[in-house]
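**Q** I am attaching a structure below and will ask some questions about it afterwards.
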Amino acid sequence: MNKLLQYATPVVLGIVVLALWEFVVRHFDVPPYVLPAPSAIGGAFADNFSSLMASLWTTLRVTLEAMVAAFVGATALAVLFSQSKTIENALYPYAVVLQVTPVIAITPLILLWVGFERIDVALVIIGFIVAFFPILSNTTLGLRSTDHNLIDLFRLYGASRWQILWKLQLPSALPYLLGAMKISGGLALVGAVVGEFTAGSGTATGLAWRITEAGNRLEIAKMFAALGLLAALGIAIFSILTLVEWALLHRWHESALKKEN
Amino acid sequence: MTALVSLSGVSKIFDNGTQAFGPLDLDVGSHEFVSLLGPSGCGKSTALRVIAGLLQPSAGALAFPASRPEIGFVFQEATLMPWRRTLANVQLPLELKGVGRGEAEARAREALARVGLNGFETAFPRELSGGMKMRVSIARALAAKPKLLLMDEPFAALDEPTRQALNDDLLKLWREDGLTVIFVTHSVYESTYLSTRVVVMTPRPGRIAADIALDFPPDRTETFRLSPEFAEAAAKVTAALHGAHT
C-alpha cells in the first residue's frame, strides 16, 4: 500500500498540474505563442509524430555513441593511470583543462574541424568531451581506493598485476564507475543538444534542431513537444543506468542495503 | 631444533625516517605458537609484514632455513572482497596459485567446514556477523594449507565471547594442522592463553624486551582460563610488559 502511494503521488500531482495549466490557458485566453495548453502540445506531438520520432532517434544515437566512447576511453585511461603514476601526472592536468573549458566555447571549433556535412560526428565528439571527465576522475578514485590489505593479500599469493587489476581493483572501482555513468549519461545528452544548437542549421536533425526550428516559426506547442521528449529521454537514460547499477551492486554493496525499520 | 623463520638484526625504517622496530633477533621453530605482545605502535604489525615478505627489511636478514614455507596471513579486519560470496572469497588463494576450479572449490568447502561455517557458502560478506567474517578470513588462510600462519591482531575488533570462541578454535586448528603461528596482539590474556611463547616488545622502535616460554598442555579449555597457573603466567607476562614500558 505504501509502495503504491509512493508511485501514485507524483503521478497525481502531474495530472493536477496539467489540469490547472489547461484551465488557466483556456480561462484567461493565453495566446498559444506565449503558453500553449497541454492539449495543444499533445496535438502538436501527434501532428509531427514521425519527424519528432526521427529526431528523437538521432539525438538518442548521438548520446549513446558519446556515452559508449566516454565509457571506453575514460575507463581505459583510468586503468592506465592506476598502473603508472608518471602517465597520470603527465595527462591528468590536460584532462582537467578539457573539463573546465566550457563545452559551448569549443563547440564552434569542433564543428569547423569536423565539418557541417558530418555534423553527427561532431556532436558525438562534443558529447564525449563532457561525459568523459566524471568517469575518468571517479574511476581513477575508485581504482585507487582499493583495500590495501587486499592488495597485500593478492601479492602474498603471487598475483600478477593483471590479476590484481581484474579481480580486485576493477570490482572495487565498479560502484564509483557506475555512479559516474549516471552523471555522464545526462551530460552526454547535454553535449549532443548544445552542439546542435551551436550548429544552428545544416544537416542537424536532432531534437535540438526541432526546438530551434519550431522557435523560429513560433510553433510553441511543437517546441514544448520536443522539449518533453528531451526530458523523457534524459529520464530514460538515468533510469536505465540506475537499473544497471542496481543489478550489479544490490547483492553486495552497502549503497543498496535496506534499512530495518 | 632448526628454525622455520629466523630474523637476525632485522629492522625497518620507513621512508619518512621513522624507525618502526628493531633490530630484532628472533627464531621461530616448527609448530610453535609465538605471540608478539606490545603496545600499539611498537612496530609488531610491521614486523609481521616483513616476515610475510610484504615489506623489505631496512637492515638485517630474514631467513627461512629449510625453505620458504607456504604463508597464510590474517589481518585485523576480515579483509574480504564484498562482491564475492563466502566460498569464492575462500577460494581466492587457490585461484591465484592456479589450482583447478574443482579442486579449489572442494578445498574451500573443507576449509569453511573446519571453521564451522558450512551452510554459509553462498552468503555475501555483508550478511555475516563480525565473528563469522573473521572465520571466513581464517578459512581463506587455511585453504592454501599454510605451514606458517601470520595473524595481525585478528580478534581485536570482536566482542569477548566471540573472541574466546575463536581463540579456542584457533588452538584446535593449530594442534590439528601442525601449524606454526606468529600472532600479534596487545592483549596479555590472549597471548598467555594461546601461546607456547610470548615475545614482549618495547614501545617504538620495538625491540624484544622479554621472551617467555609457556609450558601448558596443548588442549587448553575454559577451566584453564580460570586456573591459578594461568593467572600466574599472565602476571608474569604483565610484569614483563610493564618492565618493557619503563
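Chain labels A, B, ... are given in the sequence in which chains occur in the C-alpha cells; within each chain residues are numbered consecutively from 1, and ligands are likewise numbered from 1 in the order shown.
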Give me, as JSON lines, the closest atom pair and its distance (Å, one decimal) for every residue of chain A within a cut-off of 7 Å of chain B, counting only C-alpha atoms, rows sorted by chain and rising number.
**A**
```
{"residue": "A:Asn149", "atom": "CA", "partner": "B:Thr79", "partner_atom": "CA", "distance": 6.7}
{"residue": "A:Leu150", "atom": "CA", "partner": "B:Thr79", "partner_atom": "CA", "distance": 6.2}
{"residue": "A:Asp152", "atom": "CA", "partner": "B:Leu54", "partner_atom": "CA", "distance": 6.6}
{"residue": "A:Leu156", "atom": "CA", "partner": "B:Leu54", "partner_atom": "CA", "distance": 7.0}
{"residue": "A:Tyr157", "atom": "CA", "partner": "B:Pro93", "partner_atom": "CA", "distance": 6.0}
{"residue": "A:Gly158", "atom": "CA", "partner": "B:Leu96", "partner_atom": "CA", "distance": 6.9}
{"residue": "A:Ala159", "atom": "CA", "partner": "B:Leu96", "partner_atom": "CA", "distance": 5.8}
{"residue": "A:Trp252", "atom": "CA", "partner": "B:Trp83", "partner_atom": "CA", "distance": 5.3}
```
**Q** Emit the selected residues as a CSV table (one decimal), in the first residue's frame, including C-alpha atoms.
**A**
```csv
chain,number,residue,atom,x,y,z
A,149,ASN,CA,45.3,-5.2,2.8
A,150,LEU,CA,43.6,-7.0,0.0
A,152,ASP,CA,48.8,-7.2,0.1
A,156,LEU,CA,51.3,-12.7,-0.8
A,157,TYR,CA,49.8,-15.3,-3.1
A,158,GLY,CA,51.9,-14.2,-6.0
A,159,ALA,CA,49.1,-12.4,-8.0
A,252,TRP,CA,26.8,-6.9,-2.1
```
**Q** Hey, what's within 12 Å of Leu243 in chain A if we count only C-alpha atoms and toss same-chain stuff fewer than 4 positions away? As an MDAnalysis selection string, please?
**A** chainID A and resid 178:179 181:182 236:239 247:250 256
**Q** Suppose we keep C-alpha atoms; can you now write the selection as a compact mmCIF listing (two decimals), in the first residue's frame?
**A**
```txt
# COMPACT_ATOMS: atom_id res chain seq x y z
CA LEU A 178 28.51 3.31 -12.17
CA GLY A 179 27.90 6.49 -10.17
CA MET A 181 27.95 6.84 -15.63
CA LYS A 182 24.71 8.27 -14.24
CA ALA A 236 15.04 7.11 -19.59
CA ILE A 237 18.84 7.20 -19.72
CA PHE A 238 19.05 7.90 -15.98
CA SER A 239 16.54 5.15 -15.15
CA ALA A 247 21.55 -5.12 -10.96
CA LEU A 248 25.31 -5.10 -10.48
CA LEU A 249 25.53 -3.86 -6.90
CA HIS A 250 22.40 -4.66 -4.95
CA ALA A 256 21.80 -0.99 -1.78
```
**Q** Which residues come within 8 Å of range 21-27 of chain A, counting only C-alpha atoms, excluding same-chain residues fewer than 4 positions away, as an mmCIF file with C-alpha atoms, in the first residue's frame?
**A**
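Output (part.cif):
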```cif
data_model
loop_
_atom_site.group_PDB
_atom_site.id
_atom_site.type_symbol
_atom_site.label_atom_id
_atom_site.label_comp_id
_atom_site.auth_asym_id
_atom_site.auth_seq_id
_atom_site.Cartn_x
_atom_site.Cartn_y
_atom_site.Cartn_z
ATOM 1 C CA VAL A 17 -0.735 20.486 -12.569
ATOM 2 C CA PRO A 31 -2.212 33.246 -26.617
ATOM 3 C CA LEU A 35 1.912 29.328 -23.481
ATOM 4 C CA PRO A 36 0.098 26.564 -25.338
ATOM 5 C CA ALA A 37 -2.325 24.367 -23.452
ATOM 6 C CA PRO A 38 -1.296 20.754 -22.727
ATOM 7 C CA SER A 39 -3.964 19.596 -25.164
#
```
**Q** Counting only C-alpha atoms, which residues of range 167-198 of chain A sit at most 7 Å from some atom of range 51-67 of chain A, and what is each one's closest atom pair with its distance in Å to one decimal, listed by chain and rising residue number, as CSV?
**A**
```
residue,atom,partner,partner_atom,distance
A:Gly185,CA,A:Met67,CA,6.2
A:Ala188,CA,A:Thr63,CA,5.4
A:Leu189,CA,A:Thr63,CA,5.2
A:Ala192,CA,A:Thr63,CA,6.2
```
**Q** Select from chain B everything DSSP, run on the backbone, classes as helix (DSSP H, G or I), then give the selection as a PyMOL selection string.
**A** chain B and resi 44-52+86-96+101-114+125-127+130-143+160-177+188-194+222-225+228-245
**Q** In Å, how far is it from CA of Val5 in chain B to CA of Gly38 in chain B?
**A**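 Computed distance, CA of Val5 in chain B to CA of Gly38 in chain B, equals 20.1 Å.
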**Q** Extract, using only C-alpha atoms, all DNA, RNA and protein residues at most 10 Å from Ile208 in chain B, discarding same-chain residues fewer than 6 positions from it, and format them as a PyMOL selection string.
**A** chain B and resi 21-26+36-38+199-202+244
**Q** As a PDB file with N, CA and C atoms, in the first residue's frame, please: the residues near Pro108 in chain A (cut-off 12 Å, only C-alpha atoms, same-chain neighbours under 4 positions excluded).
**A**
```pdb
ATOM      1  N   PRO A 102      34.446  25.550 -20.809  1.00  0.00           N
ATOM      2  CA  PRO A 102      33.024  25.330 -21.110  1.00  0.00           C
ATOM      3  C   PRO A 102      32.860  24.723 -22.505  1.00  0.00           C
ATOM      4  N   VAL A 103      32.084  23.665 -22.590  1.00  0.00           N
ATOM      5  CA  VAL A 103      31.992  22.928 -23.847  1.00  0.00           C
ATOM      6  C   VAL A 103      31.425  23.801 -24.962  1.00  0.00           C
ATOM      7  N   ILE A 104      30.553  24.712 -24.584  1.00  0.00           N
ATOM      8  CA  ILE A 104      29.924  25.551 -25.607  1.00  0.00           C
ATOM      9  C   ILE A 104      30.955  26.438 -26.306  1.00  0.00           C
ATOM     10  N   LEU A 112      33.712  23.252 -36.909  1.00  0.00           N
ATOM     11  CA  LEU A 112      34.513  23.722 -38.029  1.00  0.00           C
ATOM     12  C   LEU A 112      35.472  22.639 -38.511  1.00  0.00           C
ATOM     13  N   TRP A 113      36.113  22.013 -37.555  1.00  0.00           N
ATOM     14  CA  TRP A 113      37.114  20.994 -37.897  1.00  0.00           C
ATOM     15  C   TRP A 113      36.476  19.757 -38.525  1.00  0.00           C
ATOM     16  N   VAL A 114      35.396  19.298 -37.890  1.00  0.00           N
ATOM     17  CA  VAL A 114      34.778  18.070 -38.386  1.00  0.00           C
ATOM     18  C   VAL A 114      33.996  18.348 -39.666  1.00  0.00           C
ATOM     19  N   GLY A 115      33.428  19.533 -39.734  1.00  0.00           N
ATOM     20  CA  GLY A 115      32.696  19.895 -40.945  1.00  0.00           C
ATOM     21  C   GLY A 115      31.208  19.711 -40.774  1.00  0.00           C
ATOM     22  N   PHE A 116      30.430  20.647 -41.357  1.00  0.00           N
ATOM     23  CA  PHE A 116      28.987  20.608 -41.171  1.00  0.00           C
ATOM     24  C   PHE A 116      28.335  19.456 -41.917  1.00  0.00           C
ATOM     25  N   ILE A 119      27.929  16.395 -39.293  1.00  0.00           N
ATOM     26  CA  ILE A 119      27.591  17.011 -38.011  1.00  0.00           C
ATOM     27  C   ILE A 119      27.375  15.991 -36.891  1.00  0.00           C
ATOM     28  N   ALA A 122      30.567  15.352 -35.153  1.00  0.00           N
ATOM     29  CA  ALA A 122      30.926  16.479 -34.289  1.00  0.00           C
ATOM     30  C   ALA A 122      30.136  16.427 -32.988  1.00  0.00           C
ATOM     31  N   LEU A 123      28.842  16.105 -33.104  1.00  0.00           N
ATOM     32  CA  LEU A 123      28.000  16.049 -31.904  1.00  0.00           C
ATOM     33  C   LEU A 123      28.462  14.941 -30.952  1.00  0.00           C
ATOM     34  N   ILE A 126      31.474  16.191 -29.097  1.00  0.00           N
ATOM     35  CA  ILE A 126      31.117  17.158 -28.044  1.00  0.00           C
ATOM     36  C   ILE A 126      30.523  16.429 -26.829  1.00  0.00           C
ATOM     37  N   VAL A 194      23.631  20.823 -26.953  1.00  0.00           N
ATOM     38  CA  VAL A 194      24.389  22.069 -27.069  1.00  0.00           C
ATOM     39  C   VAL A 194      25.063  22.157 -28.438  1.00  0.00           C
ATOM     40  N   GLY A 195      25.642  21.057 -28.866  1.00  0.00           N
ATOM     41  CA  GLY A 195      26.317  21.025 -30.157  1.00  0.00           C
ATOM     42  C   GLY A 195      25.370  21.369 -31.279  1.00  0.00           C
ATOM     43  N   GLU A 196      24.172  20.820 -31.196  1.00  0.00           N
ATOM     44  CA  GLU A 196      23.209  21.041 -32.270  1.00  0.00           C
ATOM     45  C   GLU A 196      22.704  22.484 -32.295  1.00  0.00           C
ATOM     46  N   PHE A 197      22.513  23.037 -31.085  1.00  0.00           N
ATOM     47  CA  PHE A 197      22.120  24.449 -31.019  1.00  0.00           C
ATOM     48  C   PHE A 197      23.173  25.340 -31.669  1.00  0.00           C
ATOM     49  N   THR A 198      24.436  25.038 -31.382  1.00  0.00           N
ATOM     50  CA  THR A 198      25.519  25.855 -31.918  1.00  0.00           C
ATOM     51  C   THR A 198      25.601  25.708 -33.432  1.00  0.00           C
ATOM     52  N   ALA A 199      25.401  24.483 -33.894  1.00  0.00           N
ATOM     53  CA  ALA A 199      25.466  24.247 -35.338  1.00  0.00           C
ATOM     54  C   ALA A 199      24.382  25.065 -36.050  1.00  0.00           C
ATOM     55  N   GLY A 200      23.265  25.257 -35.361  1.00  0.00           N
ATOM     56  CA  GLY A 200      22.214  26.117 -35.899  1.00  0.00           C
ATOM     57  C   GLY A 200      21.397  25.450 -36.973  1.00  0.00           C
TER      58      GLY A 200
END
```
**Q** Write out as a PyMOL selection string each polymer residue whose atoms come within 7 Å of range 182-198 of chain B, counting only C-alpha atoms; drop sequence neighbours fewer than 4 positions from it.
**A** chain B and resi 32-39+44-45+149-153+171+211-215+233-234+237-238
**Q** Emit the selected residues as a PDB file, in the first residue's frame, including C-alpha atoms.
**A**
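part.pdb, written as the output of this step:
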```
ATOM      1  CA  GLU B  32      55.489 -23.043  17.855  1.00  0.00           C
ATOM      2  CA  PHE B  33      52.735 -20.588  18.703  1.00  0.00           C
ATOM      3  CA  VAL B  34      54.534 -17.312  19.246  1.00  0.00           C
ATOM      4  CA  SER B  35      52.743 -14.145  20.310  1.00  0.00           C
ATOM      5  CA  LEU B  36      54.291 -10.761  19.639  1.00  0.00           C
ATOM      6  CA  LEU B  37      52.937  -8.688  22.519  1.00  0.00           C
ATOM      7  CA  GLY B  38      53.421  -4.972  22.739  1.00  0.00           C
ATOM      8  CA  PRO B  39      51.727  -1.580  22.951  1.00  0.00           C
ATOM      9  CA  LYS B  44      54.826  -5.530  15.748  1.00  0.00           C
ATOM     10  CA  SER B  45      52.470  -5.450  12.789  1.00  0.00           C
ATOM     11  CA  LEU B 149      50.226 -18.597   9.775  1.00  0.00           C
ATOM     12  CA  LEU B 150      50.745 -14.897  10.469  1.00  0.00           C
ATOM     13  CA  MET B 151      47.971 -13.156  12.355  1.00  0.00           C
ATOM     14  CA  ASP B 152      47.819  -9.408  12.911  1.00  0.00           C
ATOM     15  CA  GLU B 153      45.539  -8.715  15.909  1.00  0.00           C
ATOM     16  CA  LEU B 171      44.136 -23.547  19.118  1.00  0.00           C
ATOM     17  CA  ASP B 211      60.937 -13.911  25.647  1.00  0.00           C
ATOM     18  CA  ILE B 212      58.734 -16.027  27.897  1.00  0.00           C
ATOM     19  CA  ALA B 213      58.232 -19.726  27.229  1.00  0.00           C
ATOM     20  CA  LEU B 214      54.902 -21.099  28.442  1.00  0.00           C
ATOM     21  CA  ASP B 215      54.627 -24.794  29.022  1.00  0.00           C
ATOM     22  CA  ALA B 233      51.639 -16.855  33.824  1.00  0.00           C
ATOM     23  CA  ALA B 234      49.525 -13.822  32.963  1.00  0.00           C
ATOM     24  CA  VAL B 237      53.708 -11.567  31.153  1.00  0.00           C
ATOM     25  CA  THR B 238      52.104  -8.403  32.567  1.00  0.00           C
TER      26      THR B 238
END
```
**Q** Give the strand (DSSP E) residues of range 4-188 of chain B, as DSSP finds them on the backbone, and put them as a PyMOL selection string.
**A** chain B and resi 4-13+19-29+33-37+59-63+71-74+148-152+180-185
**Q** Can I get the selected residues back with C-alpha atoms, as a short mmCIF file (atom, residue, chain, number, x, y, z; two decimals), in the first residue's frame?
**A**
```cif
data_model
loop_
_atom_site.label_atom_id
_atom_site.label_comp_id
_atom_site.auth_asym_id
_atom_site.auth_seq_id
_atom_site.Cartn_x
_atom_site.Cartn_y
_atom_site.Cartn_z
CA LEU B 4 61.31 -22.25 10.45
CA VAL B 5 61.81 -18.48 10.38
CA SER B 6 64.92 -16.70 11.50
CA LEU B 7 65.33 -12.94 11.92
CA SER B 8 68.77 -11.59 12.68
CA GLY B 9 69.26 -7.87 13.28
CA VAL B 10 66.16 -7.09 11.25
CA SER B 11 64.88 -3.53 11.44
CA LYS B 12 62.54 -1.39 9.40
CA ILE B 13 62.91 2.33 8.83
CA GLN B 19 62.14 3.52 12.80
CA ALA B 20 59.27 1.08 13.16
CA PHE B 21 61.09 -1.69 15.00
CA GLY B 22 64.35 -3.43 15.52
CA PRO B 23 66.97 -4.50 15.45
CA LEU B 24 65.16 -7.76 16.10
CA ASP B 25 66.63 -11.24 16.60
CA LEU B 26 64.03 -13.96 16.63
CA ASP B 27 63.95 -17.62 15.75
CA VAL B 28 60.60 -19.35 15.44
CA GLY B 29 60.65 -23.13 15.25
CA PHE B 33 52.73 -20.59 18.70
CA VAL B 34 54.53 -17.31 19.25
CA SER B 35 52.74 -14.14 20.31
CA LEU B 36 54.29 -10.76 19.64
CA LEU B 37 52.94 -8.69 22.52
CA ALA B 59 68.65 -3.84 7.69
CA GLY B 60 69.39 -7.36 8.84
CA ALA B 61 68.39 -10.66 7.33
CA LEU B 62 65.18 -12.63 7.20
CA ALA B 63 65.80 -16.30 6.53
CA ILE B 71 52.46 -18.48 4.39
CA GLY B 72 48.93 -17.52 5.39
CA PHE B 73 48.06 -14.04 6.62
CA VAL B 74 45.07 -12.92 8.66
CA LEU B 148 53.25 -20.61 8.74
CA LEU B 149 50.23 -18.60 9.77
CA LEU B 150 50.75 -14.90 10.47
CA MET B 151 47.97 -13.16 12.35
CA ASP B 152 47.82 -9.41 12.91
CA THR B 180 53.35 -22.58 13.16
CA VAL B 181 51.64 -19.38 14.26
CA ILE B 182 53.02 -15.91 14.81
CA PHE B 183 50.27 -13.93 16.49
CA VAL B 184 50.39 -10.19 17.01
CA THR B 185 48.29 -8.89 19.91
#
```
**Q** Need the shell around Val115 in chain B: protein/DNA/RNA residues with any atom at most 12 Å away, counting only C-alpha atoms. Skip same-chain ones fewer than 2 positions apart. Format as a PyMOL selection string?
**A** chain B and resi 90+108-113+117-120+131-143+165-173
